[in-house]
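Here the structure is laid out as structure tokens; the discussion comes afterwards.
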Amino acid sequence: MGKRSPRSREKKSGGRKPSQKKGQMHPNAELIRDFYTSFKNRDARGMAACYHPAVKFSDEVFLDLEGARATGMWRMLCERGKDLKIEFRDIKADDSVGSAHWEAWYTFSATGRLVHNKIDARFEFRDGKIIRHRDSFNFWAWASQALGLTGRLLGWSGFVKNRVRKQAAKSLASFLGETRGNARNAGRVRT
């Protein structure tokens with residue numbers, strides 16, 4: 001009898017590496033699960049522990065946050081999100097990349113409007129930590145909920161998106177106690 005190729009073993013094991021036992025998560029999938037479990041519990045320190053010190057985070061509102069600014073953004077959301085509720089699912093990961101779907105329910109503080117945001121996350125890993133994290137969501141759908149009529153009518157526009165981004169950067173700079181010069185640079189919107 002001939003040897004089975006690694007590919008045929010992978011097919012038989014459902015895509016798992018031969019060393020991975022059935023029902024066991026890849027360590028990077030566990031890392032993603034730990035990240036969102038911490039978020040669900042509003043444990044910003046637990047979230048930060050999942051990030052590499054040189055992490056880069058971006059989403060539709062917070063652009064190009066690195067290191068302490070990325071972990072500071074999560075700390076701000078955990079501390080300020082009084083009615084924040086998080087659910088997550090569909091976690092997948094291998095040695096280099098991963099993904100998950102998560103949803104958030106909260107009151108948008110600027111308008112007092114309820115938001116249900118649906119987010120798809122992509123991750124890259126280095127040294128057993130998350131080095132890149134990109135969240136994607138439908139900005140127009142978010143703006144329609146968070147901003148009401150203005151969001152429904154103009155949420156698709158660059159003007160509204162840039163205004164929201166500037167305000168978010170300003171809030172984060174204030175939360176982190178950044179100096180005026182740093183806050184101005186933090187509020188700069190890249191296109």
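We label chains A, B, ... in the order they appear in the structure tokens, count residues from 1 in each chain, and number ligands from 1 in the order shown.
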Can you list, as an MDAnalysis selection string, all residues belonging to segment 3-190 of chain A that DSSP tags as helix (DSSP H, G or I)?
chainID A and resid 6:12 27:40 44:50 68:80 139:147 149:154 158:176 180:186
With C-alpha atoms retained, export the selected residues as an mmCIF file, in the first residue's frame.
```cif
data_model
loop_
_atom_site.group_PDB
_atom_site.id
_atom_site.type_symbol
_atom_site.label_atom_id
_atom_site.label_comp_id
_atom_site.auth_asym_id
_atom_site.auth_seq_id
_atom_site.Cartn_x
_atom_site.Cartn_y
_atom_site.Cartn_z
ATOM 1 C CA PRO A 6 -0.576 15.191 3.212
ATOM 2 C CA ARG A 7 -3.383 16.581 1.034
ATOM 3 C CA SER A 8 -5.432 13.373 1.271
ATOM 4 C CA ARG A 9 -4.898 13.304 5.060
ATOM 5 C CA GLU A 10 -6.069 16.942 5.194
ATOM 6 C CA LYS A 11 -9.222 16.110 3.226
ATOM 7 C CA LYS A 12 -9.966 13.159 5.501
ATOM 8 C CA PRO A 27 -4.329 28.388 18.753
ATOM 9 C CA ASN A 28 -5.013 31.469 16.614
ATOM 10 C CA ALA A 29 -8.735 30.666 16.572
ATOM 11 C CA GLU A 30 -8.547 30.444 20.383
ATOM 12 C CA LEU A 31 -6.814 33.828 20.370
ATOM 13 C CA ILE A 32 -9.698 35.360 18.383
ATOM 14 C CA ARG A 33 -12.207 33.711 20.726
ATOM 15 C CA ASP A 34 -10.327 35.098 23.749
ATOM 16 C CA PHE A 35 -10.300 38.572 22.160
ATOM 17 C CA TYR A 36 -14.086 38.642 21.658
ATOM 18 C CA THR A 37 -14.826 36.950 24.985
ATOM 19 C CA SER A 38 -12.826 39.735 26.644
ATOM 20 C CA PHE A 39 -14.737 42.330 24.619
ATOM 21 C CA LYS A 40 -18.045 40.759 25.602
ATOM 22 C CA ALA A 44 -9.923 45.822 27.631
ATOM 23 C CA ARG A 45 -6.782 44.388 29.259
ATOM 24 C CA GLY A 46 -7.738 40.911 28.097
ATOM 25 C CA MET A 47 -8.277 42.267 24.581
ATOM 26 C CA ALA A 48 -4.904 44.056 24.619
ATOM 27 C CA ALA A 49 -3.204 40.812 25.704
ATOM 28 C CA CYS A 50 -4.322 39.269 22.391
ATOM 29 C CA ALA A 68 -1.329 51.688 22.110
ATOM 30 C CA ARG A 69 -3.828 53.742 20.076
ATOM 31 C CA ALA A 70 -5.500 50.511 18.864
ATOM 32 C CA THR A 71 -5.744 49.042 22.366
ATOM 33 C CA GLY A 72 -6.825 52.471 23.669
ATOM 34 C CA MET A 73 -9.732 52.514 21.203
ATOM 35 C CA TRP A 74 -11.004 49.182 22.568
ATOM 36 C CA ARG A 75 -10.527 50.456 26.140
ATOM 37 C CA MET A 76 -12.608 53.535 25.258
ATOM 38 C CA LEU A 77 -15.386 51.397 23.758
ATOM 39 C CA CYS A 78 -15.402 49.062 26.784
ATOM 40 C CA GLU A 79 -15.534 51.913 29.304
ATOM 41 C CA ARG A 80 -18.012 54.144 27.478
ATOM 42 C CA PHE A 139 -21.114 52.259 6.806
ATOM 43 C CA TRP A 140 -24.377 53.453 5.251
ATOM 44 C CA ALA A 141 -26.384 50.900 7.300
ATOM 45 C CA TRP A 142 -24.516 51.982 10.446
ATOM 46 C CA ALA A 143 -25.012 55.703 9.692
ATOM 47 C CA SER A 144 -28.727 55.165 9.008
ATOM 48 C CA GLN A 145 -29.127 53.800 12.531
ATOM 49 C CA ALA A 146 -26.638 56.020 14.372
ATOM 50 C CA LEU A 147 -27.390 59.335 12.646
ATOM 51 C CA LEU A 149 -32.350 60.795 8.649
ATOM 52 C CA THR A 150 -28.969 62.396 7.907
ATOM 53 C CA GLY A 151 -27.364 58.959 7.865
ATOM 54 C CA ARG A 152 -30.093 57.477 5.679
ATOM 55 C CA LEU A 153 -29.855 60.295 3.150
ATOM 56 C CA LEU A 154 -26.118 61.010 3.196
ATOM 57 C CA GLY A 158 -17.558 60.814 1.780
ATOM 58 C CA PHE A 159 -18.582 64.015 3.574
ATOM 59 C CA VAL A 160 -20.526 62.168 6.302
ATOM 60 C CA LYS A 161 -17.952 59.375 6.571
ATOM 61 C CA ASN A 162 -15.113 61.886 6.980
ATOM 62 C CA ARG A 163 -17.084 63.891 9.552
ATOM 63 C CA VAL A 164 -17.734 60.744 11.611
ATOM 64 C CA ARG A 165 -14.070 59.711 11.305
ATOM 65 C CA LYS A 166 -12.860 63.130 12.480
ATOM 66 C CA GLN A 167 -15.206 63.084 15.472
ATOM 67 C CA ALA A 168 -14.157 59.532 16.380
ATOM 68 C CA ALA A 169 -10.457 60.475 16.162
ATOM 69 C CA LYS A 170 -11.095 63.533 18.324
ATOM 70 C CA SER A 171 -12.943 61.420 20.932
ATOM 71 C CA LEU A 172 -10.137 58.869 20.998
ATOM 72 C CA ALA A 173 -7.457 61.568 21.332
ATOM 73 C CA SER A 174 -9.390 63.134 24.204
ATOM 74 C CA PHE A 175 -9.890 59.748 25.889
ATOM 75 C CA LEU A 176 -6.177 58.959 25.599
ATOM 76 C CA ARG A 180 -3.265 69.140 20.966
ATOM 77 C CA GLY A 181 -0.623 68.464 18.282
ATOM 78 C CA ASN A 182 -1.080 64.708 18.568
ATOM 79 C CA ALA A 183 -4.865 65.070 18.556
ATOM 80 C CA ARG A 184 -4.694 67.140 15.368
ATOM 81 C CA ASN A 185 -2.589 64.436 13.671
ATOM 82 C CA ALA A 186 -4.875 61.717 15.023
#
```
Students should find that atom CA of Trp102 of chain A and atom CA of Asp90 of chain A are spaced 8.5 Å
Atomic separation - atom CA of Phe123 of chain A relative to atom CA of Ser99 of chain A, Å:
5.9 Å
Just asking: which residues within chain A are strand (DSSP E) according to DSSP, as a PyMOL selection string?
chain A and resi 51-58+65-66+85-93+97-108+113-126+129-136
Between A:Glu124, A:Tyr51, A:Asp83, A:Trp156, which residue has the minimum interatomic distance to Gly98 of chain A, considering only C-alpha atoms?
A:Glu124
Find the spatial neighbours of Phe137 of chain A, counting only C-alpha atoms, within a cut-off of 7 Å - ignore same-chain residues fewer than 4 positions away - and output them as a list in words.
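Returned residues: Glu60, Lys118, Ile119 and Asp120 of chain A.
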In Å, how far is it from atom CA of Asp135 of chain A to atom CA of Ser58 of chain A?
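Computing the Euclidean distance for atom CA of Asp135 of chain A and atom CA of Ser58 of chain A yields 6.4 Å.
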Residues within 10 Å of Tyr106 of chain A, please, as a PyMOL selection string. Count only C-alpha atoms; anything in the same chain fewer than 3 positions from it doesn't count.
chain A and resi 81-86+109+112-117+146
Generate a file of the selected residues that holds all heavy atoms, formatted as a tab-separated table (two decimals), in the first residue's frame.
```tsv
chain	number	residue	atom	x	y	z
A	81	GLY	N	-19.18	52.21	26.60
A	81	GLY	CA	-20.33	51.48	26.08
A	81	GLY	C	-21.19	50.91	27.20
A	81	GLY	O	-21.16	49.71	27.46
A	82	LYS	N	-21.96	51.76	27.85
A	82	LYS	CA	-22.74	51.35	29.03
A	82	LYS	C	-23.74	50.22	28.73
A	82	LYS	O	-23.97	49.36	29.56
A	82	LYS	CB	-23.48	52.54	29.64
A	82	LYS	CG	-22.55	53.68	30.05
A	82	LYS	CD	-21.54	53.23	31.08
A	82	LYS	CE	-20.63	54.38	31.48
A	82	LYS	NZ	-19.37	53.95	32.00
A	83	ASP	N	-24.34	50.24	27.54
A	83	ASP	CA	-25.32	49.20	27.21
A	83	ASP	C	-24.82	48.27	26.10
A	83	ASP	O	-25.58	47.57	25.45
A	83	ASP	CB	-26.66	49.83	26.81
A	83	ASP	CG	-26.58	50.68	25.54
A	83	ASP	OD1	-25.45	51.02	25.11
A	83	ASP	OD2	-27.63	51.03	24.99
A	84	LEU	N	-23.51	48.25	25.90
A	84	LEU	CA	-22.88	47.46	24.85
A	84	LEU	C	-23.12	45.97	25.04
A	84	LEU	O	-22.91	45.43	26.12
A	84	LEU	CB	-21.37	47.74	24.84
A	84	LEU	CG	-20.52	46.95	23.85
A	84	LEU	CD1	-20.87	47.33	22.42
A	84	LEU	CD2	-19.05	47.21	24.14
A	85	LYS	N	-23.56	45.32	23.97
A	85	LYS	CA	-23.74	43.87	23.97
A	85	LYS	C	-23.04	43.34	22.72
A	85	LYS	O	-23.20	43.88	21.63
A	85	LYS	CB	-25.24	43.52	23.93
A	85	LYS	CG	-25.50	42.03	23.91
A	85	LYS	CD	-26.98	41.73	23.79
A	85	LYS	CE	-27.16	40.29	23.38
A	85	LYS	NZ	-28.41	40.04	22.71
A	86	ILE	N	-22.25	42.28	22.90
A	86	ILE	CA	-21.45	41.70	21.82
A	86	ILE	C	-21.78	40.22	21.66
A	86	ILE	O	-21.94	39.50	22.64
A	86	ILE	CB	-19.94	41.80	22.16
A	86	ILE	CG1	-19.50	43.24	22.32
A	86	ILE	CG2	-19.08	41.08	21.13
A	86	ILE	CD1	-19.56	44.06	21.09
A	109	SER	N	-23.68	57.39	21.44
A	109	SER	CA	-23.76	58.48	22.43
A	109	SER	C	-24.02	59.85	21.81
A	109	SER	O	-24.69	60.68	22.43
A	109	SER	CB	-22.48	58.52	23.28
A	109	SER	OG	-21.36	58.75	22.46
A	112	GLY	N	-27.92	59.33	20.80
A	112	GLY	CA	-28.82	58.58	21.66
A	112	GLY	C	-29.62	57.53	20.91
A	112	GLY	O	-30.56	56.95	21.44
A	113	ARG	N	-29.22	57.23	19.68
A	113	ARG	CA	-29.94	56.26	18.84
A	113	ARG	C	-29.36	54.86	19.02
A	113	ARG	O	-28.15	54.70	19.18
A	113	ARG	CB	-29.89	56.68	17.37
A	113	ARG	CG	-30.57	58.03	17.13
A	113	ARG	CD	-30.47	58.44	15.68
A	113	ARG	NE	-31.14	57.48	14.83
A	113	ARG	CZ	-32.45	57.47	14.55
A	113	ARG	NH1	-33.23	58.41	15.05
A	113	ARG	NH2	-32.97	56.55	13.77
A	114	LEU	N	-30.24	53.85	18.96
A	114	LEU	CA	-29.81	52.46	19.09
A	114	LEU	C	-29.20	51.97	17.78
A	114	LEU	O	-29.71	52.28	16.70
A	114	LEU	CB	-30.99	51.57	19.47
A	114	LEU	CG	-31.58	51.82	20.85
A	114	LEU	CD1	-32.80	50.94	21.08
A	114	LEU	CD2	-30.55	51.58	21.94
A	115	VAL	N	-28.12	51.20	17.89
A	115	VAL	CA	-27.40	50.68	16.73
A	115	VAL	C	-27.22	49.18	16.89
A	115	VAL	O	-26.93	48.70	17.98
A	115	VAL	CB	-26.01	51.35	16.60
A	115	VAL	CG1	-25.18	50.70	15.51
A	115	VAL	CG2	-26.15	52.84	16.35
A	116	HIS	N	-27.41	48.47	15.79
A	116	HIS	CA	-27.06	47.04	15.70
A	116	HIS	C	-26.11	46.94	14.52
A	116	HIS	O	-26.54	47.00	13.36
A	116	HIS	CB	-28.31	46.19	15.50
A	116	HIS	CG	-28.01	44.75	15.25
A	116	HIS	ND1	-28.91	43.90	14.64
A	116	HIS	CD2	-26.93	43.99	15.52
A	116	HIS	CE1	-28.39	42.69	14.55
A	116	HIS	NE2	-27.18	42.72	15.06
A	117	ASN	N	-24.83	46.79	14.80
A	117	ASN	CA	-23.81	46.76	13.75
A	117	ASN	C	-23.34	45.33	13.52
A	117	ASN	O	-23.08	44.60	14.48
A	117	ASN	CB	-22.63	47.66	14.14
A	117	ASN	CG	-21.81	48.09	12.94
A	117	ASN	OD1	-22.19	47.87	11.80
A	117	ASN	ND2	-20.67	48.69	13.21
A	146	ALA	N	-27.29	55.14	13.41
A	146	ALA	CA	-26.64	56.02	14.37
A	146	ALA	C	-27.00	57.48	14.18
A	146	ALA	O	-27.14	58.22	15.17
A	146	ALA	CB	-25.12	55.85	14.28
```
Shortest interatomic distance to His133 of chain A - which of A:Asp59, A:Glu103, A:Glu178, A:Asp95, counting only C-alpha atoms:
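Of A:Asp59, A:Glu103, A:Glu178, A:Asp95, the one nearest His133 of chain A is A:Asp59, counting only C-alpha atoms.
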